[in-house]
Amino acid sequence: QVPLVESGGGLVQAGGSLGLSCAASGSIFSRNTMYWYRQAPGKQRELVAGITSGGSANYADSVKGRFTISRDNAKYMVYLRMNSLKPEDTAVYFCFARVNSVQFWGQGTQVTVSS
């Protein structure tokens, strides 16, 4: 079983919305904080948002008020709802978790925002 699988990327116009999903294996998801990262062309990978097993969320300043991270503990799913998208949000978005110092990354999903 692949540990983390993202879906839901695509092409959207500026100002639009997209939702991303990440399916996780139970061993990774349970009691672990889950994260969304992104990497734009020519830039370093950056943290977008994280959510604890209890549902406490944190966001990068660049996405606060526009993005919402959530999780479904029963389904081992993590979501990222992205509203008011900007061209600078264009990137490959990755789901991430760290379990006992072992890092798990999804394969990534492309989000492209046209101006």
# chains A, B, ... in the order shown; residues from 1 in each chain; ligands from 1

$ select_by_dssp --residues "region 13-97 of chain A" --states "alpha helix (DSSP H)" --output "NGL selection string"
:A and (26-29)

$ write_last_selection --atoms "all heavy atoms" --output "PDB file, in the first residue's frame"
ATOM      1  N   GLY A  26      -3.350   3.767   7.533  1.00  0.00           N
ATOM      2  CA  GLY A  26      -3.709   3.964   8.933  1.00  0.00           C
ATOM      3  C   GLY A  26      -2.509   4.104   9.849  1.00  0.00           C
ATOM      4  O   GLY A  26      -2.532   4.894  10.788  1.00  0.00           O
ATOM      5  N   SER A  27      -1.446   3.380   9.544  1.00  0.00           N
ATOM      6  CA  SER A  27      -0.265   3.427  10.407  1.00  0.00           C
ATOM      7  C   SER A  27       0.405   4.791  10.379  1.00  0.00           C
ATOM      8  O   SER A  27       1.072   5.196  11.312  1.00  0.00           O
ATOM      9  CB  SER A  27       0.730   2.342  10.000  1.00  0.00           C
ATOM     10  OG  SER A  27       1.147   2.527   8.667  1.00  0.00           O
ATOM     11  N   ILE A  28       0.252   5.493   9.256  1.00  0.00           N
ATOM     12  CA  ILE A  28       0.827   6.835   9.157  1.00  0.00           C
ATOM     13  C   ILE A  28      -0.118   7.871   9.737  1.00  0.00           C
ATOM     14  O   ILE A  28       0.289   8.828  10.392  1.00  0.00           O
ATOM     15  CB  ILE A  28       1.148   7.165   7.684  1.00  0.00           C
ATOM     16  CG1 ILE A  28       2.317   6.324   7.194  1.00  0.00           C
ATOM     17  CG2 ILE A  28       1.421   8.648   7.505  1.00  0.00           C
ATOM     18  CD1 ILE A  28       2.639   6.514   5.748  1.00  0.00           C
ATOM     19  N   PHE A  29      -1.392   7.696   9.501  1.00  0.00           N
ATOM     20  CA  PHE A  29      -2.368   8.719   9.847  1.00  0.00           C
ATOM     21  C   PHE A  29      -2.622   8.796  11.351  1.00  0.00           C
ATOM     22  O   PHE A  29      -2.723   9.890  11.919  1.00  0.00           O
ATOM     23  CB  PHE A  29      -3.678   8.409   9.107  1.00  0.00           C
ATOM     24  CG  PHE A  29      -4.684   9.500   9.164  1.00  0.00           C
ATOM     25  CD1 PHE A  29      -4.695  10.500   8.207  1.00  0.00           C
ATOM     26  CD2 PHE A  29      -5.637   9.530  10.170  1.00  0.00           C
ATOM     27  CE1 PHE A  29      -5.640  11.509   8.248  1.00  0.00           C
ATOM     28  CE2 PHE A  29      -6.571  10.531  10.223  1.00  0.00           C
ATOM     29  CZ  PHE A  29      -6.578  11.522   9.261  1.00  0.00           C
TER      30      PHE A  29
END

$ residues_around --residues "region 51-64 of chain A" --least-positions-apart "2" --cutoff "10 Å" --atoms "only C-alpha atoms" --output "ChimeraX atom specification"
/A:29-37,46-49,66-73,78-79,82-86,88-89

$ select_by_dssp --residues "region 23-115 of chain A" --states "strand (DSSP E or B)" --output "PyMOL selection string"
chain A and resi 23-24+34-39+46-51+57-59+67-72+77-82+91-99+102-105+109-114

$ closest_residue --among "A:Gln44, A:Gln103, A:Thr109, A:Ser114" --to "Cys22 (chain A)" --atoms "only C-alpha atoms"
A:Thr109

$ residues_around --residues "Thr112 (chain A)" --least-positions-apart "3" --cutoff "8 Å" --atoms "only C-alpha atoms" --output "PyMOL selection string"
chain A and resi 9-12+87+89-91

$ atom_distance --atom1 "CA of Lys43 (chain A)" --atom2 "CA of Gly19 (chain A)"
22.6 Å

$ atom_distance --atom1 "CA of Phe104 (chain A)" --atom2 "CA of Ala24 (chain A)"
9.9 Å

$ residues_around --residues "Leu4 (chain A)" --least-positions-apart "2" --cutoff "9 Å" --atoms "only C-alpha atoms" --output "list in words"
Gln1, Val2, Glu6, Cys22, Ala23, Ala24, Ser25, Ile28, Cys95, Phe96, Ala97, Phe104, Trp105, Gly106 and Gln107 of chain A

$ write_last_selection --atoms "N, CA and C atoms" --output "PDB file, in the first residue's frame"
ATOM      1  N   GLN A   1       0.843  -1.195   0.000  1.00  0.00           N
ATOM      2  CA  GLN A   1       0.000   0.000   0.000  1.00  0.00           C
ATOM      3  C   GLN A   1       0.873   1.237   0.000  1.00  0.00           C
ATOM      4  N   VAL A   2       0.569   2.158  -0.932  1.00  0.00           N
ATOM      5  CA  VAL A   2       1.305   3.415  -0.978  1.00  0.00           C
ATOM      6  C   VAL A   2       0.896   4.244   0.227  1.00  0.00           C
ATOM      7  N   GLU A   6      -2.107  11.678  -3.132  1.00  0.00           N
ATOM      8  CA  GLU A   6      -2.858  12.918  -3.307  1.00  0.00           C
ATOM      9  C   GLU A   6      -3.725  12.842  -4.556  1.00  0.00           C
ATOM     10  N   CYS A  22      -5.864  13.743   0.345  1.00  0.00           N
ATOM     11  CA  CYS A  22      -4.722  12.863   0.579  1.00  0.00           C
ATOM     12  C   CYS A  22      -5.221  11.640   1.330  1.00  0.00           C
ATOM     13  N   ALA A  23      -5.040  10.485   0.719  1.00  0.00           N
ATOM     14  CA  ALA A  23      -5.409   9.225   1.357  1.00  0.00           C
ATOM     15  C   ALA A  23      -4.157   8.650   2.018  1.00  0.00           C
ATOM     16  N   ALA A  24      -4.260   8.363   3.292  1.00  0.00           N
ATOM     17  CA  ALA A  24      -3.107   7.880   4.044  1.00  0.00           C
ATOM     18  C   ALA A  24      -3.366   6.478   4.570  1.00  0.00           C
ATOM     19  N   SER A  25      -2.296   5.745   4.759  1.00  0.00           N
ATOM     20  CA  SER A  25      -2.429   4.449   5.419  1.00  0.00           C
ATOM     21  C   SER A  25      -2.677   4.684   6.909  1.00  0.00           C
ATOM     22  N   ILE A  28       0.252   5.493   9.256  1.00  0.00           N
ATOM     23  CA  ILE A  28       0.827   6.835   9.157  1.00  0.00           C
ATOM     24  C   ILE A  28      -0.118   7.871   9.737  1.00  0.00           C
ATOM     25  N   CYS A  95       1.391  15.854   0.127  1.00  0.00           N
ATOM     26  CA  CYS A  95       0.963  15.439   1.457  1.00  0.00           C
ATOM     27  C   CYS A  95       2.192  14.871   2.171  1.00  0.00           C
ATOM     28  N   PHE A  96       2.306  15.143   3.478  1.00  0.00           N
ATOM     29  CA  PHE A  96       3.504  14.743   4.219  1.00  0.00           C
ATOM     30  C   PHE A  96       3.146  14.335   5.633  1.00  0.00           C
ATOM     31  N   ALA A  97       3.900  13.340   6.118  1.00  0.00           N
ATOM     32  CA  ALA A  97       3.789  12.950   7.517  1.00  0.00           C
ATOM     33  C   ALA A  97       5.138  12.448   7.984  1.00  0.00           C
ATOM     34  N   PHE A 104       7.379  10.576   5.219  1.00  0.00           N
ATOM     35  CA  PHE A 104       6.571  10.020   4.144  1.00  0.00           C
ATOM     36  C   PHE A 104       6.036  11.158   3.287  1.00  0.00           C
ATOM     37  N   TRP A 105       6.252  11.045   1.988  1.00  0.00           N
ATOM     38  CA  TRP A 105       5.760  12.033   1.026  1.00  0.00           C
ATOM     39  C   TRP A 105       4.858  11.348   0.015  1.00  0.00           C
ATOM     40  N   GLY A 106       3.814  12.054  -0.370  1.00  0.00           N
ATOM     41  CA  GLY A 106       3.026  11.591  -1.486  1.00  0.00           C
ATOM     42  C   GLY A 106       3.738  11.916  -2.791  1.00  0.00           C
ATOM     43  N   GLN A 107       3.135  11.505  -3.895  1.00  0.00           N
ATOM     44  CA  GLN A 107       3.744  11.724  -5.205  1.00  0.00           C
ATOM     45  C   GLN A 107       3.514  13.143  -5.708  1.00  0.00           C
TER      46      GLN A 107
END

$ atom_distance --atom1 "CA of Ala74 (chain A)" --atom2 "CA of Gly8 (chain A)"
20.0 Å

$ closest_residue --among "A:Pro3, A:Gly16, A:Tyr93, A:Arg81" --to "Val111 (chain A)" --atoms "only C-alpha atoms"
A:Tyr93

$ closest_residue --among "A:Leu80, A:Val92, A:Lys75, A:Ser21" --to "Val113 (chain A)" --atoms "only C-alpha atoms"
A:Val92

$ decode --residues "region 17-40 of chain A" --atoms "N, CA, C and O atoms" --output "PDB file, in the first residue's frame"
ATOM      1  N   SER A  17     -11.429  28.189  -6.958  1.00  0.00           N
ATOM      2  CA  SER A  17     -11.215  27.280  -5.834  1.00  0.00           C
ATOM      3  C   SER A  17     -10.878  25.879  -6.325  1.00  0.00           C
ATOM      4  O   SER A  17     -11.295  25.474  -7.423  1.00  0.00           O
ATOM      5  N   LEU A  18     -10.136  25.172  -5.489  1.00  0.00           N
ATOM      6  CA  LEU A  18      -9.827  23.763  -5.734  1.00  0.00           C
ATOM      7  C   LEU A  18      -9.765  23.054  -4.395  1.00  0.00           C
ATOM      8  O   LEU A  18      -9.433  23.672  -3.370  1.00  0.00           O
ATOM      9  N   GLY A  19     -10.041  21.750  -4.427  1.00  0.00           N
ATOM     10  CA  GLY A  19      -9.893  20.951  -3.229  1.00  0.00           C
ATOM     11  C   GLY A  19      -8.947  19.800  -3.479  1.00  0.00           C
ATOM     12  O   GLY A  19      -9.034  19.141  -4.513  1.00  0.00           O
ATOM     13  N   LEU A  20      -8.027  19.598  -2.563  1.00  0.00           N
ATOM     14  CA  LEU A  20      -7.084  18.486  -2.643  1.00  0.00           C
ATOM     15  C   LEU A  20      -7.417  17.462  -1.577  1.00  0.00           C
ATOM     16  O   LEU A  20      -7.898  17.824  -0.485  1.00  0.00           O
ATOM     17  N   SER A  21      -7.126  16.212  -1.892  1.00  0.00           N
ATOM     18  CA  SER A  21      -7.335  15.129  -0.939  1.00  0.00           C
ATOM     19  C   SER A  21      -6.064  14.315  -0.818  1.00  0.00           C
ATOM     20  O   SER A  21      -5.302  14.196  -1.782  1.00  0.00           O
ATOM     21  N   CYS A  22      -5.864  13.743   0.345  1.00  0.00           N
ATOM     22  CA  CYS A  22      -4.722  12.863   0.579  1.00  0.00           C
ATOM     23  C   CYS A  22      -5.221  11.640   1.330  1.00  0.00           C
ATOM     24  O   CYS A  22      -5.749  11.762   2.444  1.00  0.00           O
ATOM     25  N   ALA A  23      -5.040  10.485   0.719  1.00  0.00           N
ATOM     26  CA  ALA A  23      -5.409   9.225   1.357  1.00  0.00           C
ATOM     27  C   ALA A  23      -4.157   8.650   2.018  1.00  0.00           C
ATOM     28  O   ALA A  23      -3.123   8.486   1.355  1.00  0.00           O
ATOM     29  N   ALA A  24      -4.260   8.363   3.292  1.00  0.00           N
ATOM     30  CA  ALA A  24      -3.107   7.880   4.044  1.00  0.00           C
ATOM     31  C   ALA A  24      -3.366   6.478   4.570  1.00  0.00           C
ATOM     32  O   ALA A  24      -4.517   6.083   4.778  1.00  0.00           O
ATOM     33  N   SER A  25      -2.296   5.745   4.759  1.00  0.00           N
ATOM     34  CA  SER A  25      -2.429   4.449   5.419  1.00  0.00           C
ATOM     35  C   SER A  25      -2.677   4.684   6.909  1.00  0.00           C
ATOM     36  O   SER A  25      -2.255   5.696   7.462  1.00  0.00           O
ATOM     37  N   GLY A  26      -3.350   3.767   7.533  1.00  0.00           N
ATOM     38  CA  GLY A  26      -3.709   3.964   8.933  1.00  0.00           C
ATOM     39  C   GLY A  26      -2.509   4.104   9.849  1.00  0.00           C
ATOM     40  O   GLY A  26      -2.532   4.894  10.788  1.00  0.00           O
ATOM     41  N   SER A  27      -1.446   3.380   9.544  1.00  0.00           N
ATOM     42  CA  SER A  27      -0.265   3.427  10.407  1.00  0.00           C
ATOM     43  C   SER A  27       0.405   4.791  10.379  1.00  0.00           C
ATOM     44  O   SER A  27       1.072   5.196  11.312  1.00  0.00           O
ATOM     45  N   ILE A  28       0.252   5.493   9.256  1.00  0.00           N
ATOM     46  CA  ILE A  28       0.827   6.835   9.157  1.00  0.00           C
ATOM     47  C   ILE A  28      -0.118   7.871   9.737  1.00  0.00           C
ATOM     48  O   ILE A  28       0.289   8.828  10.392  1.00  0.00           O
ATOM     49  N   PHE A  29      -1.392   7.696   9.501  1.00  0.00           N
ATOM     50  CA  PHE A  29      -2.368   8.719   9.847  1.00  0.00           C
ATOM     51  C   PHE A  29      -2.622   8.796  11.351  1.00  0.00           C
ATOM     52  O   PHE A  29      -2.723   9.890  11.919  1.00  0.00           O
ATOM     53  N   SER A  30      -2.719   7.652  11.967  1.00  0.00           N
ATOM     54  CA  SER A  30      -3.165   7.613  13.352  1.00  0.00           C
ATOM     55  C   SER A  30      -2.255   8.409  14.290  1.00  0.00           C
ATOM     56  O   SER A  30      -1.054   8.203  14.321  1.00  0.00           O
ATOM     57  N   ARG A  31      -2.870   9.328  14.998  1.00  0.00           N
ATOM     58  CA  ARG A  31      -2.214  10.130  16.036  1.00  0.00           C
ATOM     59  C   ARG A  31      -1.067  11.005  15.520  1.00  0.00           C
ATOM     60  O   ARG A  31      -0.255  11.485  16.306  1.00  0.00           O
ATOM     61  N   ASN A  32      -0.954  11.164  14.214  1.00  0.00           N
ATOM     62  CA  ASN A  32       0.120  11.984  13.657  1.00  0.00           C
ATOM     63  C   ASN A  32      -0.406  13.265  13.037  1.00  0.00           C
ATOM     64  O   ASN A  32      -1.485  13.292  12.453  1.00  0.00           O
ATOM     65  N   THR A  33       0.389  14.301  13.185  1.00  0.00           N
ATOM     66  CA  THR A  33       0.089  15.533  12.486  1.00  0.00           C
ATOM     67  C   THR A  33       0.322  15.308  10.995  1.00  0.00           C
ATOM     68  O   THR A  33       1.306  14.699  10.597  1.00  0.00           O
ATOM     69  N   MET A  34      -0.590  15.800  10.199  1.00  0.00           N
ATOM     70  CA  MET A  34      -0.501  15.679   8.754  1.00  0.00           C
ATOM     71  C   MET A  34      -0.273  17.072   8.167  1.00  0.00           C
ATOM     72  O   MET A  34      -0.758  18.070   8.689  1.00  0.00           O
ATOM     73  N   TYR A  35       0.456  17.115   7.072  1.00  0.00           N
ATOM     74  CA  TYR A  35       0.852  18.390   6.467  1.00  0.00           C
ATOM     75  C   TYR A  35       0.591  18.398   4.965  1.00  0.00           C
ATOM     76  O   TYR A  35       0.609  17.357   4.310  1.00  0.00           O
ATOM     77  N   TRP A  36       0.426  19.618   4.471  1.00  0.00           N
ATOM     78  CA  TRP A  36       0.489  19.890   3.033  1.00  0.00           C
ATOM     79  C   TRP A  36       1.680  20.807   2.788  1.00  0.00           C
ATOM     80  O   TRP A  36       1.848  21.809   3.480  1.00  0.00           O
ATOM     81  N   TYR A  37       2.503  20.432   1.828  1.00  0.00           N
ATOM     82  CA  TYR A  37       3.610  21.242   1.348  1.00  0.00           C
ATOM     83  C   TYR A  37       3.352  21.548  -0.126  1.00  0.00           C
ATOM     84  O   TYR A  37       2.538  20.902  -0.777  1.00  0.00           O
ATOM     85  N   ARG A  38       4.122  22.509  -0.636  1.00  0.00           N
ATOM     86  CA  ARG A  38       4.064  22.778  -2.063  1.00  0.00           C
ATOM     87  C   ARG A  38       5.441  23.195  -2.562  1.00  0.00           C
ATOM     88  O   ARG A  38       6.261  23.697  -1.809  1.00  0.00           O
ATOM     89  N   GLN A  39       5.647  22.968  -3.851  1.00  0.00           N
ATOM     90  CA  GLN A  39       6.907  23.353  -4.476  1.00  0.00           C
ATOM     91  C   GLN A  39       6.627  23.931  -5.845  1.00  0.00           C
ATOM     92  O   GLN A  39       6.104  23.245  -6.732  1.00  0.00           O
ATOM     93  N   ALA A  40       6.966  25.196  -5.982  1.00  0.00           N
ATOM     94  CA  ALA A  40       6.814  25.879  -7.260  1.00  0.00           C
ATOM     95  C   ALA A  40       8.090  25.703  -8.075  1.00  0.00           C
ATOM     96  O   ALA A  40       9.160  25.462  -7.514  1.00  0.00           O
TER      97      ALA A  40
END
